[in-house]
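Encoded as structure tokens, the structure appears first; notes follow it.
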Amino acid sequence: MRFSVAALATSLLSAVLAQQAYPTVPIESTVWTAGDSVKIQWKSNAPTVALAVDLFKGDPTHQTLVTNLGSPAAGATSLAVVLPATLAADWYSIRIGDSYSHYFEIKGKGGVAPTGTMPVPPAATTVAAPGNSTTHTATAPTVTKSAAAAAVTGAPNSANYLSAAPMAMAAVAIVAAALAL
């Protein structure tokens, strides 16, 4: 019984982790300008999965979807886009599938830089499982949709799509329960 539960949990966790993308461009020092052509890049351990690419802004704990930048073909590791010329100068992040890039700067029309400093993610919460010396660190942003992004709803990995985190947590809980038997 333990083996069956552990095997099921491991397969669920593997499926979740297999869909992760790791943004490589933009990075913290990236500066783009509204209206420019840019190239977003990432590494993926799931070359057969198509991922949506979205632009976000706002506080790290409550980000707002600005626009969907596209959905490249399965296996793609980059997307060339033209940023909307109407973007305000601000700090933004890119979401590729369920993974977020670091905050980076987008200058507004005419090269105007954002005012204020780059948002800083909240301190991570460290949780230790009873009887287990392993700790896990997790933070989760809250995502809302702007009125302009409402047309994106229902698309895979859009702001109303469930992330991989709940499945990963369920898989960990199943393994913990199996080991406790």
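Naming works like this for the structure tokens: A, B, ... for the chains as they're shown, residue 1 at the start of each chain, ligands 1 onward in shown order.
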
| request: Compile the contact shell of A:Leu79 as a PyMOL selection string: residues with an atom at most 10 Å away, counting only C-alpha atoms, same-chain residues fewer than 5 positions apart removed. | output: chain A and resi 38-42+53+69-73

| query | Which residues, written as a ChimeraX atom specification, have at least one atom at most 12 Å from A:Gly116, with only C-alpha atoms counted and residues fewer than 5 positions away on the same chain left out? | reply | /A:89-91,105

Go ahead and save the picked residues with N, CA and C atoms, as a short mmCIF file (atom, residue, chain, number, x, y, z; two decimals), in the first residue's frame.
data_model
loop_
_atom_site.label_atom_id
_atom_site.label_comp_id
_atom_site.auth_asym_id
_atom_site.auth_seq_id
_atom_site.Cartn_x
_atom_site.Cartn_y
_atom_site.Cartn_z
N ALA A 89 5.89 53.51 -17.97
CA ALA A 89 7.18 53.23 -17.34
C ALA A 89 6.91 52.58 -16.00
N ASP A 90 7.46 51.38 -15.79
CA ASP A 90 7.20 50.67 -14.55
C ASP A 90 8.12 49.46 -14.48
N TRP A 91 8.02 48.73 -13.36
CA TRP A 91 8.74 47.49 -13.16
C TRP A 91 7.79 46.36 -13.51
N GLU A 105 12.94 46.50 -15.78
CA GLU A 105 12.43 47.83 -16.11
C GLU A 105 11.95 47.90 -17.55
#

| message | So, with only C-alpha atoms as the atoms that count, which of A:Val120, A:Ile94, A:Leu55, A:Ala21 lies closest to A:Ala74? | response | A:Ala21

| message | Applying 10 Å and only C-alpha atoms, which residues near A:Leu87 remain after dropping the ones on its own chain fewer than 3 positions away? List them as an NGL selection string. | response | :A and (33-35 or 66 or 83-84 or 90 or 106-109)

Pull C-alpha atoms from the residues just selected and write them as an mmCIF file, in the first residue's frame.
data_model
loop_
_atom_site.group_PDB
_atom_site.id
_atom_site.type_symbol
_atom_site.label_atom_id
_atom_site.label_comp_id
_atom_site.auth_asym_id
_atom_site.auth_seq_id
_atom_site.Cartn_x
_atom_site.Cartn_y
_atom_site.Cartn_z
ATOM 1 C CA THR A 33 11.324 50.396 -23.929
ATOM 2 C CA ALA A 34 7.617 50.349 -24.755
ATOM 3 C CA GLY A 35 7.094 49.700 -28.465
ATOM 4 C CA VAL A 66 -1.047 43.485 -18.221
ATOM 5 C CA LEU A 83 5.956 45.418 -26.635
ATOM 6 C CA PRO A 84 2.791 47.522 -26.641
ATOM 7 C CA ASP A 90 7.202 50.673 -14.548
ATOM 8 C CA ILE A 106 10.328 48.919 -19.067
ATOM 9 C CA LYS A 107 10.764 52.543 -20.019
ATOM 10 C CA GLY A 108 7.632 54.320 -21.194
ATOM 11 C CA LYS A 109 7.016 56.212 -24.385
#

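Counting from atom CA of A:Ala85, the distance to atom CA of A:Thr30 is 17.6 Å.
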
| Which residues, written as a PyMOL selection string, have at least one atom at most 9 Å from A:Tyr100, with only C-alpha atoms counted and residues fewer than 3 positions away on the same chain left out? | chain A and resi 21-23+93-97+103

| query | Which one of A:Ala46, A:Ala88, A:Ile174, A:Leu51 sits closest to A:Ala113 if you count only C-alpha atoms? | reply |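 Comparing A:Ala46, A:Ala88, A:Ile174, A:Leu51 against A:Ala113, the winner is A:Ala88.
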
| Atomic distance atom CA of A:Gln63 - atom CA of A:Tyr92, expressed in Å with one decimal |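 According to the coordinates, atom CA of A:Gln63 and atom CA of A:Tyr92 are separated by 9.2 Å.
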
| message | Could you tell me how far atom CA of A:Ser99 sits from atom CA of A:Ala177, in Å to one decimal place? | response | 28.0 Å
